[in-house]
>>> print(open('model_34.cif').read())   # mmCIF, C-alpha atoms and all ligand atoms
data_model
#
loop_
_atom_site.label_atom_id
_atom_site.label_comp_id
_atom_site.auth_asym_id
_atom_site.auth_seq_id
_atom_site.Cartn_x
_atom_site.Cartn_y
_atom_site.Cartn_z
CA MET T 27 -31.96 141.84 -62.95
CA LYS T 28 -29.12 139.89 -64.44
CA ILE T 29 -29.07 138.91 -68.09
CA ALA T 30 -26.55 136.44 -69.48
CA ILE T 31 -25.66 137.30 -73.05
CA LEU T 32 -24.57 134.27 -75.10
CA PRO T 33 -24.13 135.28 -78.76
CA GLY T 34 -22.62 131.99 -79.96
CA ASP T 35 -21.59 131.40 -83.56
CA GLY T 36 -22.22 132.61 -87.09
CA ILE T 37 -24.80 135.38 -87.31
CA GLY T 38 -25.41 134.93 -83.56
CA THR T 39 -22.90 137.64 -82.67
CA GLU T 40 -24.31 140.14 -85.18
CA ILE T 41 -27.96 139.80 -84.23
CA VAL T 42 -27.38 139.66 -80.48
CA ALA T 43 -25.36 142.88 -80.68
CA GLU T 44 -28.43 144.67 -82.06
CA ALA T 45 -30.74 143.23 -79.41
CA VAL T 46 -28.33 144.30 -76.67
CA LYS T 47 -28.37 147.88 -77.98
CA VAL T 48 -32.15 147.83 -77.87
CA LEU T 49 -32.15 146.52 -74.29
CA GLN T 50 -29.64 149.18 -73.26
CA ALA T 51 -31.80 151.94 -74.72
CA LEU T 52 -34.80 151.12 -72.53
CA GLY T 53 -33.52 153.02 -69.51
CA LEU T 54 -33.91 150.01 -67.23
CA LYS T 55 -31.31 148.76 -64.80
CA PHE T 56 -29.89 145.48 -66.07
CA GLU T 57 -26.66 143.80 -65.33
CA MET T 58 -25.50 142.12 -68.53
CA GLU T 59 -22.66 139.66 -68.67
CA GLN T 60 -21.43 138.04 -71.85
CA ALA T 61 -19.90 134.58 -72.33
CA LEU T 62 -18.80 132.26 -75.11
CA VAL T 63 -20.97 129.35 -76.18
CA GLY T 64 -21.02 126.81 -79.03
CA GLY T 65 -18.19 126.67 -81.55
CA ALA T 66 -16.77 129.94 -80.21
CA ALA T 67 -16.44 128.38 -76.76
CA TYR T 68 -14.99 125.20 -78.22
CA GLU T 69 -12.26 127.23 -79.96
CA ALA T 70 -11.39 129.11 -76.78
CA HIS T 71 -11.93 126.47 -74.07
CA GLY T 72 -12.19 123.13 -75.86
CA HIS T 73 -15.86 122.70 -74.89
CA PRO T 74 -19.08 124.13 -76.39
CA LEU T 75 -20.61 124.72 -72.95
CA PRO T 76 -17.79 125.54 -70.52
CA GLU T 77 -18.46 125.39 -66.77
CA SER T 78 -18.13 129.17 -66.52
CA THR T 79 -20.81 129.75 -69.17
CA LEU T 80 -23.19 127.28 -67.54
CA LYS T 81 -22.61 128.90 -64.15
CA LEU T 82 -23.37 132.36 -65.55
CA ALA T 83 -26.54 131.03 -67.20
CA LYS T 84 -27.71 129.43 -63.95
CA GLN T 85 -27.16 132.61 -61.96
CA ALA T 86 -28.90 134.90 -64.43
CA ASP T 87 -32.60 135.78 -64.31
CA ALA T 88 -32.70 135.41 -68.05
CA ILE T 89 -30.45 134.43 -70.94
CA LEU T 90 -30.31 136.04 -74.34
CA PHE T 91 -28.94 133.48 -76.75
CA GLY T 92 -27.90 133.94 -80.39
CA ALA T 93 -27.26 130.70 -82.27
CA VAL T 94 -24.71 127.92 -82.39
CA GLY T 95 -23.26 125.65 -85.05
CA ASP T 96 -21.06 125.57 -88.11
CA TRP T 97 -20.45 122.86 -90.67
CA LYS T 98 -16.78 122.95 -89.85
CA TYR T 99 -17.56 121.16 -86.55
CA ASP T 100 -19.47 118.30 -88.22
CA LYS T 101 -16.63 115.89 -87.72
CA LEU T 102 -16.25 116.51 -84.00
CA ASP T 103 -17.29 113.91 -81.48
CA ARG T 104 -20.93 114.61 -80.70
CA PRO T 105 -20.42 115.86 -77.11
CA LEU T 106 -18.10 118.54 -78.46
CA ARG T 107 -20.36 119.81 -81.22
CA PRO T 108 -21.73 123.34 -80.85
CA GLU T 109 -25.37 122.13 -80.76
CA GLN T 110 -24.64 120.35 -77.48
CA ALA T 111 -24.32 123.77 -75.85
CA ILE T 112 -27.93 124.73 -76.38
CA LEU T 113 -29.15 121.22 -75.56
CA GLY T 114 -27.02 121.28 -72.39
CA LEU T 115 -28.40 124.66 -71.35
CA ARG T 116 -31.98 123.50 -71.91
CA LYS T 117 -31.43 120.30 -69.93
CA ASN T 118 -29.34 121.77 -67.11
CA LEU T 119 -31.72 124.64 -66.50
CA GLY T 120 -34.84 122.52 -66.96
CA LEU T 121 -36.15 124.75 -69.76
CA PHE T 122 -38.95 122.42 -70.75
CA ALA T 123 -41.48 124.83 -72.21
CA ASN T 124 -40.58 126.38 -75.52
CA PHE T 125 -42.87 129.09 -76.89
CA ARG T 126 -42.53 129.77 -80.61
CA PRO T 127 -45.11 132.29 -81.75
CA ALA T 128 -45.59 132.57 -85.51
CA ILE T 129 -47.17 135.92 -86.21
CA CYS T 130 -47.54 137.30 -89.71
CA TYR T 131 -47.12 141.06 -89.61
CA GLU T 132 -49.45 142.74 -92.09
CA GLU T 133 -46.50 144.43 -93.83
CA LEU T 134 -44.89 141.07 -94.52
CA VAL T 135 -47.89 139.28 -95.94
CA GLY T 136 -46.28 139.55 -99.38
CA ALA T 137 -42.99 138.06 -98.16
CA SER T 138 -44.60 134.74 -97.29
CA SER T 139 -44.38 131.98 -99.85
CA LEU T 140 -48.08 131.31 -99.32
CA LYS T 141 -50.97 133.27 -100.81
CA PRO T 142 -51.67 136.48 -98.85
CA GLU T 143 -55.19 135.43 -97.85
CA LEU T 144 -53.82 132.28 -96.20
CA VAL T 145 -51.38 134.11 -93.92
CA SER T 146 -52.89 137.56 -93.39
CA GLY T 147 -53.74 137.86 -89.69
CA LEU T 148 -51.95 134.62 -88.82
CA ASP T 149 -51.13 134.27 -85.11
CA ILE T 150 -50.14 130.76 -84.01
CA LEU T 151 -48.37 129.77 -80.82
CA ILE T 152 -46.33 126.59 -81.07
CA ILE T 153 -45.50 125.14 -77.67
CA ARG T 154 -42.69 122.66 -78.02
CA GLU T 155 -41.65 120.35 -75.20
CA LEU T 156 -37.91 120.95 -74.98
CA THR T 157 -36.16 118.60 -72.56
CA GLY T 158 -37.50 115.14 -73.41
CA ASP T 159 -38.33 113.01 -76.45
CA ILE T 160 -35.82 111.46 -78.83
CA TYR T 161 -33.49 114.41 -78.25
CA PHE T 162 -32.71 113.15 -74.76
CA GLY T 163 -33.27 109.40 -75.02
CA GLN T 164 -30.67 106.86 -74.01
CA PRO T 165 -28.26 105.90 -75.34
CA ARG T 166 -27.12 108.63 -77.63
CA GLY T 167 -23.97 109.85 -79.32
CA ARG T 168 -22.55 106.48 -80.33
CA ARG T 169 -20.38 107.75 -83.16
CA THR T 170 -16.88 107.09 -81.99
CA SER T 171 -14.80 107.89 -85.02
CA PRO T 172 -14.39 111.34 -86.54
CA ASP T 173 -14.14 109.90 -90.06
CA GLY T 174 -17.91 109.51 -90.13
CA ALA T 175 -17.83 105.77 -90.78
CA PHE T 176 -19.07 104.78 -87.35
CA ALA T 177 -15.89 102.77 -86.94
CA GLY T 178 -17.22 99.30 -87.66
CA ALA T 179 -20.61 99.71 -85.96
CA ASP T 180 -23.49 98.33 -88.02
CA GLU T 181 -26.37 100.05 -86.31
CA ALA T 182 -27.24 103.36 -84.74
CA PHE T 183 -30.28 104.27 -82.72
CA ASP T 184 -31.89 106.93 -80.59
CA THR T 185 -34.69 106.24 -78.18
CA MET T 186 -37.93 108.22 -78.10
CA ARG T 187 -39.12 108.57 -74.55
CA TYR T 188 -41.52 110.64 -72.46
CA THR T 189 -42.42 110.39 -68.81
CA ARG T 190 -45.85 111.16 -67.38
CA PRO T 191 -44.77 114.30 -65.47
CA GLU T 192 -43.07 115.65 -68.59
CA VAL T 193 -46.21 115.35 -70.69
CA GLU T 194 -48.48 116.59 -67.91
CA ARG T 195 -46.57 119.79 -67.31
CA ILE T 196 -46.26 120.76 -70.97
CA ALA T 197 -49.98 120.03 -71.47
CA ARG T 198 -50.78 122.37 -68.55
CA VAL T 199 -48.57 125.06 -70.04
CA ALA T 200 -50.47 124.76 -73.32
CA PHE T 201 -53.93 124.89 -71.74
CA GLU T 202 -52.95 127.85 -69.56
CA ALA T 203 -51.59 129.67 -72.61
CA ALA T 204 -54.76 128.91 -74.54
CA ARG T 205 -56.85 130.46 -71.74
CA LYS T 206 -55.13 133.77 -72.47
CA ARG T 207 -55.80 133.41 -76.20
CA SER T 208 -58.65 131.89 -78.17
CA LYS T 209 -59.02 128.82 -75.93
CA ARG T 210 -58.10 126.24 -78.54
CA VAL T 211 -55.31 123.70 -78.36
CA THR T 212 -54.20 121.25 -81.03
CA SER T 213 -52.02 118.47 -79.69
CA VAL T 214 -49.78 117.05 -82.40
CA ASP T 215 -48.68 113.42 -82.12
CA LYS T 216 -48.00 110.24 -84.05
CA ALA T 217 -50.20 108.02 -81.92
CA ASN T 218 -51.10 105.87 -84.93
CA VAL T 219 -47.55 104.51 -85.04
CA LEU T 220 -45.54 105.42 -81.93
CA GLU T 221 -46.26 104.19 -78.41
CA THR T 222 -44.55 107.28 -76.98
CA PHE T 223 -47.13 109.46 -78.68
CA GLN T 224 -50.14 107.33 -77.76
CA PHE T 225 -48.94 107.90 -74.20
CA TRP T 226 -48.61 111.61 -74.95
CA LYS T 227 -52.11 111.80 -76.37
CA ASP T 228 -53.73 109.88 -73.50
CA ILE T 229 -52.10 112.16 -70.93
CA VAL T 230 -53.06 115.32 -72.79
CA ILE T 231 -56.68 114.08 -72.75
CA GLU T 232 -56.43 113.44 -69.00
CA VAL T 233 -54.98 116.87 -68.22
CA HIS T 234 -57.62 118.46 -70.42
CA LYS T 235 -60.28 117.45 -67.87
CA ASP T 236 -59.00 120.32 -65.71
CA TYR T 237 -59.55 122.78 -68.57
CA PRO T 238 -63.13 122.23 -69.77
CA ASP T 239 -63.25 125.82 -71.05
CA VAL T 240 -60.50 125.06 -73.60
CA ALA T 241 -61.25 123.16 -76.81
CA LEU T 242 -58.81 120.35 -77.59
CA ASP T 243 -58.21 118.50 -80.81
CA HIS T 244 -55.55 116.04 -81.90
CA MET T 245 -53.66 115.80 -85.13
CA TYR T 246 -51.02 113.45 -86.51
CA VAL T 247 -47.79 115.24 -87.23
CA ASP T 248 -47.78 114.48 -90.95
CA ASN T 249 -51.26 115.91 -91.29
CA ALA T 250 -50.27 118.91 -89.15
CA ALA T 251 -47.34 119.61 -91.49
CA MET T 252 -49.78 119.57 -94.39
CA GLN T 253 -52.48 121.65 -92.67
CA LEU T 254 -49.91 124.29 -91.73
CA VAL T 255 -49.44 125.17 -95.37
CA LYS T 256 -52.98 124.39 -96.48
CA GLU T 257 -54.96 126.31 -93.89
CA PRO T 258 -52.61 127.71 -91.24
CA LYS T 259 -55.21 129.93 -89.62
CA ARG T 260 -57.13 126.88 -88.38
CA PHE T 261 -54.48 126.63 -85.62
CA ASP T 262 -54.18 128.67 -82.46
CA VAL T 263 -52.08 126.95 -79.74
CA VAL T 264 -50.22 123.89 -80.99
CA VAL T 265 -48.57 121.67 -78.38
CA THR T 266 -46.17 118.95 -79.37
CA GLY T 267 -43.02 117.02 -78.50
CA ASN T 268 -39.43 118.09 -78.92
CA MET T 269 -38.75 116.58 -82.34
CA PHE T 270 -42.07 117.39 -84.02
CA GLY T 271 -41.92 120.87 -82.50
CA ASP T 272 -38.49 121.46 -83.97
CA ILE T 273 -39.73 120.60 -87.44
CA LEU T 274 -43.15 122.26 -87.32
CA SER T 275 -41.79 125.51 -85.90
CA ASP T 276 -39.37 125.89 -88.82
CA GLU T 277 -42.27 125.26 -91.16
CA ALA T 278 -44.54 127.73 -89.35
CA SER T 279 -41.85 130.38 -89.41
CA MET T 280 -41.96 130.58 -93.19
CA LEU T 281 -45.65 131.40 -93.06
CA THR T 282 -44.65 134.68 -91.45
CA GLY T 283 -42.38 135.65 -94.32
CA SER T 284 -39.04 134.62 -92.89
CA ILE T 285 -37.54 132.49 -90.18
CA GLY T 286 -35.64 135.68 -89.39
CA MET T 287 -38.80 137.01 -87.73
CA LEU T 288 -39.49 134.21 -85.25
CA PRO T 289 -38.53 134.70 -81.59
CA SER T 290 -38.71 132.05 -78.90
CA ALA T 291 -38.80 131.66 -75.15
CA SER T 292 -37.77 128.56 -73.23
CA LEU T 293 -38.95 128.52 -69.64
CA ASN T 294 -38.46 126.37 -66.58
CA THR T 295 -40.80 125.95 -63.63
CA GLN T 296 -39.40 129.10 -61.96
CA ASN T 297 -40.01 131.21 -65.07
CA GLN T 298 -36.31 131.58 -65.58
CA GLY T 299 -35.89 131.69 -69.30
CA LEU T 300 -33.63 131.43 -72.27
CA TYR T 301 -34.59 133.61 -75.19
CA GLU T 302 -33.36 132.97 -78.69
CA PRO T 303 -34.38 133.39 -82.29
CA SER T 304 -35.86 130.17 -83.69
CA HIS T 305 -33.37 130.22 -86.54
CA GLY T 306 -29.82 128.90 -86.54
CA SER T 307 -26.35 130.35 -86.95
CA ALA T 308 -26.58 130.60 -90.76
CA PRO T 309 -22.83 130.26 -91.42
CA ASP T 310 -23.45 130.94 -95.11
CA ILE T 311 -24.37 134.57 -94.42
CA ALA T 312 -22.32 135.14 -91.26
CA GLY T 313 -20.10 138.20 -91.23
CA LYS T 314 -21.89 139.81 -94.16
CA GLY T 315 -24.05 142.10 -92.05
CA ILE T 316 -27.24 141.01 -93.79
CA ALA T 317 -28.90 138.83 -91.14
CA ASN T 318 -32.28 139.86 -89.80
CA PRO T 319 -31.95 140.90 -86.12
CA LEU T 320 -35.71 141.15 -85.56
CA ALA T 321 -36.22 137.60 -84.25
CA THR T 322 -33.58 138.27 -81.59
CA ILE T 323 -34.94 141.72 -80.78
CA LEU T 324 -38.42 140.18 -80.43
CA SER T 325 -36.90 137.44 -78.23
CA ALA T 326 -35.58 140.21 -75.97
CA ALA T 327 -39.15 141.52 -75.75
CA MET T 328 -40.36 138.07 -74.73
CA MET T 329 -37.63 138.02 -72.08
CA LEU T 330 -38.85 141.30 -70.62
CA ARG T 331 -42.40 140.01 -70.56
CA PHE T 332 -41.91 136.45 -69.27
CA SER T 333 -38.85 136.53 -67.01
CA LEU T 334 -38.23 140.14 -66.02
CA ASN T 335 -41.77 141.37 -65.49
CA GLN T 336 -41.28 144.47 -67.67
CA THR T 337 -44.41 144.32 -69.76
CA GLU T 338 -44.31 147.95 -70.72
CA ALA T 339 -40.77 147.70 -72.08
CA ALA T 340 -41.75 144.55 -74.00
CA ASP T 341 -44.68 146.42 -75.54
CA ARG T 342 -42.35 149.24 -76.54
CA ILE T 343 -40.00 146.90 -78.40
CA GLU T 344 -42.82 145.09 -80.18
CA ALA T 345 -44.39 148.40 -81.20
CA ALA T 346 -41.00 149.60 -82.48
CA VAL T 347 -40.63 146.48 -84.64
CA LYS T 348 -44.08 147.03 -86.12
CA LYS T 349 -43.13 150.63 -86.78
CA VAL T 350 -39.91 149.86 -88.68
CA LEU T 351 -41.78 147.37 -90.81
CA ALA T 352 -44.43 149.98 -91.53
CA GLN T 353 -41.66 152.43 -92.40
CA GLY T 354 -40.52 149.97 -95.05
CA TYR T 355 -37.20 148.81 -93.63
CA ARG T 356 -36.36 145.26 -94.70
CA THR T 357 -33.34 143.02 -94.32
CA ALA T 358 -32.61 140.85 -97.36
CA ASP T 359 -34.70 137.90 -96.16
CA ILE T 360 -37.92 139.94 -96.06
CA TYR T 361 -37.13 142.38 -98.84
CA SER T 362 -39.62 142.96 -101.62
CA PRO T 363 -39.58 145.60 -104.37
CA GLY T 364 -40.75 148.99 -103.14
CA THR T 365 -39.28 148.55 -99.66
CA GLN T 366 -35.90 149.68 -98.38
CA LYS T 367 -33.18 147.07 -98.07
CA VAL T 368 -31.10 147.55 -94.91
CA SER T 369 -28.23 145.79 -93.16
CA THR T 370 -28.35 144.06 -89.79
CA ALA T 371 -26.96 147.15 -88.03
CA GLN T 372 -29.24 149.54 -89.91
CA MET T 373 -32.27 147.48 -88.90
CA GLY T 374 -31.11 147.56 -85.28
CA GLN T 375 -30.63 151.31 -85.55
CA ALA T 376 -34.10 151.75 -87.01
CA VAL T 377 -35.63 149.86 -84.09
CA LEU T 378 -33.68 152.00 -81.62
CA LYS T 379 -35.00 155.13 -83.30
CA ALA T 380 -38.56 153.82 -83.31
CA LEU T 381 -38.45 153.03 -79.59
CA SER T 382 -39.20 156.52 -78.30
C1 LIG Z 1 -33.78 124.73 -82.61
C2 LIG Z 1 -32.52 124.16 -83.22
C3 LIG Z 1 -31.87 123.21 -82.23
C4 LIG Z 1 -32.84 122.07 -82.00
C5 LIG Z 1 -30.48 122.69 -82.63
C6 LIG Z 1 -29.52 123.81 -82.91
C7 LIG Z 1 -29.92 121.77 -81.58
O1 LIG Z 1 -32.81 123.54 -84.43
O2 LIG Z 1 -33.67 125.37 -81.55
O3 LIG Z 1 -34.84 124.56 -83.18
O4 LIG Z 1 -32.84 121.09 -82.75
O5 LIG Z 1 -33.60 122.17 -81.03
MG MG Z 2 -34.82 123.86 -85.08
#
>>> encode(input="model_34.cif", output="structure tokens")
Amino acid sequence: MKIAILPGDGIGTEIVAEAVKVLQALGLKFEMEQALVGGAAYEAHGHPLPESTLKLAKQADAILFGAVGDWKYDKLDRPLRPEQAILGLRKNLGLFANFRPAICYEELVGASSLKPELVSGLDILIIRELTGDIYFGQPRGRRTSPDGAFAGADEAFDTMRYTRPEVERIARVAFEAARKRSKRVTSVDKANVLETFQFWKDIVIEVHKDYPDVALDHMYVDNAAMQLVKEPKRFDVVVTGNMFGDILSDEASMLTGSIGMLPSASLNTQNQGLYEPSHGSAPDIAGKGIANPLATILSAAMMLRFSLNQTEAADRIEAAVKKVLAQGYRTADIYSPGTQKVSTAQMGQAVLKALS
């Protein structure tokens, strides 16, 4: 089993280091190889996704990814910006199915900005289509001048686009996932305004015919954003496009107390996967040792479960995370009075200790 380790930028390096320690402590035989990605790769090789990094990612059974991005690269030509590395990995490896579970651990109910009764017991699975939509429309990246003035251009546009096979396969992923859960899927669209999402909705309805045992409903994205904070527990599996999924998953993460808790898995048709926390590189807190490594550690658990077929090891990690929360360890983002504030490394250490 080969794992590519791509820590990236900002807090990426700090949180991935903790997840790697946890993986190493499992007593399983992995080959791990590390490479630069994002701004770090740009500094060293002049490109956010160098050939060598892409090659390593393609060869690996799974990829553990930290985060990319820093404001200091905002003025770079778009193809050279750190974010292009993760988009390039997703596209090149065909990682179309992004799983973003939002689970509110009982110990963190108080850390959510919503009332405890709204989030207690929350367990939502957001399934975000990851390789289509406006993220990958044509043309893109028209900014030609680094001064930010668009060098005389008087318009800019991105195209929103989905193909039938793209919508069909993500709909199947959602219905299959729902079969293993409470058999309910909410498809989020903007069919009242956008042709792309009327198309999406129609195809989801078609695919649903093969899954009569699963209940399907549809919701406009603006309403979904509202319902997520009004009555989040009405959702179980939510399936949506790339752009809406990006936004709604950030929103859902806060229901769980902190975006620092939310892992994610991005899979292709061969179940090869990239695993990353849903949060970004947080340059404002990078290097301070205060970032929450739990989303990355939980992403490593998803990797063991989905791509490496090590269910037992995945269970062990998830149980260890529950245990450290029960023991009262909290990084700054989930701290509340009466609990014990710990650093990134101390949290990693606590998980290691709880593994046995
Ligand atoms: C995410 C991130 C990325 C996205 C960025 C870093 C390109 O926000 O994974 O949610 O927009 O998909
Ligand atoms: Mg995002």
>>> atom_distance(input="model_34.cif", atom1="atom CA of T:Gly271", atom2="atom CA of T:Arg154")
4.9 Å
>>> closest_residue(input="model_34.cif", among="T:Glu44, T:Glu181, T:Glu338, T:Glu302", to="ligand MG 2 (chain Z)", atoms="all atoms listed in the file")
T:Glu302
>>> residues_around(input="model_34.cif", residues="T:Ile89", least_positions_apart="6", cutoff="12 Å", atoms="only C-alpha atoms", output="ChimeraX atom specification")
/T:27-33,42,46,57-61,63,79-83,112,115-116,119,121,290-293,297-302,322,325-326,328-330,332-334
>>> residues_around(input="model_34.cif", residues="T:Thr295", least_positions_apart="5", cutoff="9 Å", atoms="only C-alpha atoms", output="list in words")
Gly120, Leu121, Phe122 and Ala123 of chain T
>>> residues_around(input="model_34.cif", residues="stretch 369-381 of chain T", least_positions_apart="5", cutoff="6 Å", atoms="all atoms listed in the file", output="NGL selection string")
:T and (44 or 48 or 315-318 or 346 or 357)
>>> residues_near_ligand(input="model_34.cif", ligand="ligand MG 2 (chain Z)", cutoff="8 Å", atoms="all atoms listed in the file", output="list in words")
Asp272, Ile273, Ser275, Asp276, Ser304, His305 and Gly306 of chain T
>>> atom_distance(input="model_34.cif", atom1="atom CA of T:Tyr131", atom2="atom CA of T:Val347")
9.8 Å
>>> closest_residue(input="model_34.cif", among="T:Ser139, T:Ser78, T:Asn249, T:Asn268", to="ligand LIG 1 (chain Z)", atoms="only C-alpha atoms and all ligand atoms")
T:Asn268
>>> axis_aligned_box(input="model_34.cif", around="ligand LIG 1 (chain Z)", padding_each_side="5 Å", output="AutoDock Vina command-line options")
--center_x -32.2 --center_y 123.2 --center_z -82.7 --size_x 15.3 --size_y 14.3 --size_z 13.4
>>> closest_residue(input="model_34.cif", among="T:Ala70, T:Ala203, T:Met252, T:Val94", to="ligand LIG 1 (chain Z)", atoms="only C-alpha atoms and all ligand atoms")
T:Val94
>>> atom_distance(input="model_34.cif", atom1="atom CA of T:Thr212", atom2="atom CA of T:Leu242")
5.8 Å
>>> closest_residue(input="model_34.cif", among="T:Ala327, T:Val265, T:Ala197, T:Ala352", to="T:Ala340", atoms="all atoms listed in the file")
T:Ala327
>>> closest_residue(input="model_34.cif", among="T:Arg198, T:Lys47, T:Lys235, T:Lys227", to="T:Gly267", atoms="only C-alpha atoms")
T:Lys227
>>> closest_residue(input="model_34.cif", among="T:Gly286, T:Pro238, T:Pro303, T:Pro142", to="ligand LIG 1 (chain Z)", atoms="all atoms listed in the file")
T:Pro303
>>> residues_around(input="model_34.cif", residues="T:Lys216", least_positions_apart="6", cutoff="10 Å", atoms="all atoms listed in the file", output="VMD selection string")
chain T and resid 222 to 224 226 to 227 244 to 249 270
>>> residues_around(input="model_34.cif", residues="T:Ala111", least_positions_apart="5", cutoff="6 Å", atoms="only C-alpha atoms", output="ChimeraX atom specification")
/T:64,74-75
>>> residues_near_point(input="model_34.cif", point="(-33.3, 105.5, -78.8)", cutoff="10 Å", atoms="all atoms listed in the file", output="ChimeraX atom specification")
/T:159-166,182-187
>>> residues_near_point(input="model_34.cif", point="(-24.6, 126.4, -90.9)", cutoff="6 Å", atoms="all atoms listed in the file", output="PDB file with C-alpha atoms, in the coordinates of the input")
ATOM      1  CA  ASP T  96     -21.060 125.570 -88.110  1.00  0.00           C
ATOM      2  CA  TRP T  97     -20.450 122.860 -90.670  1.00  0.00           C
ATOM      3  CA  SER T 307     -26.350 130.350 -86.950  1.00  0.00           C
ATOM      4  CA  ALA T 308     -26.580 130.600 -90.760  1.00  0.00           C
ATOM      5  CA  PRO T 309     -22.830 130.260 -91.420  1.00  0.00           C
TER       6      PRO T 309
END
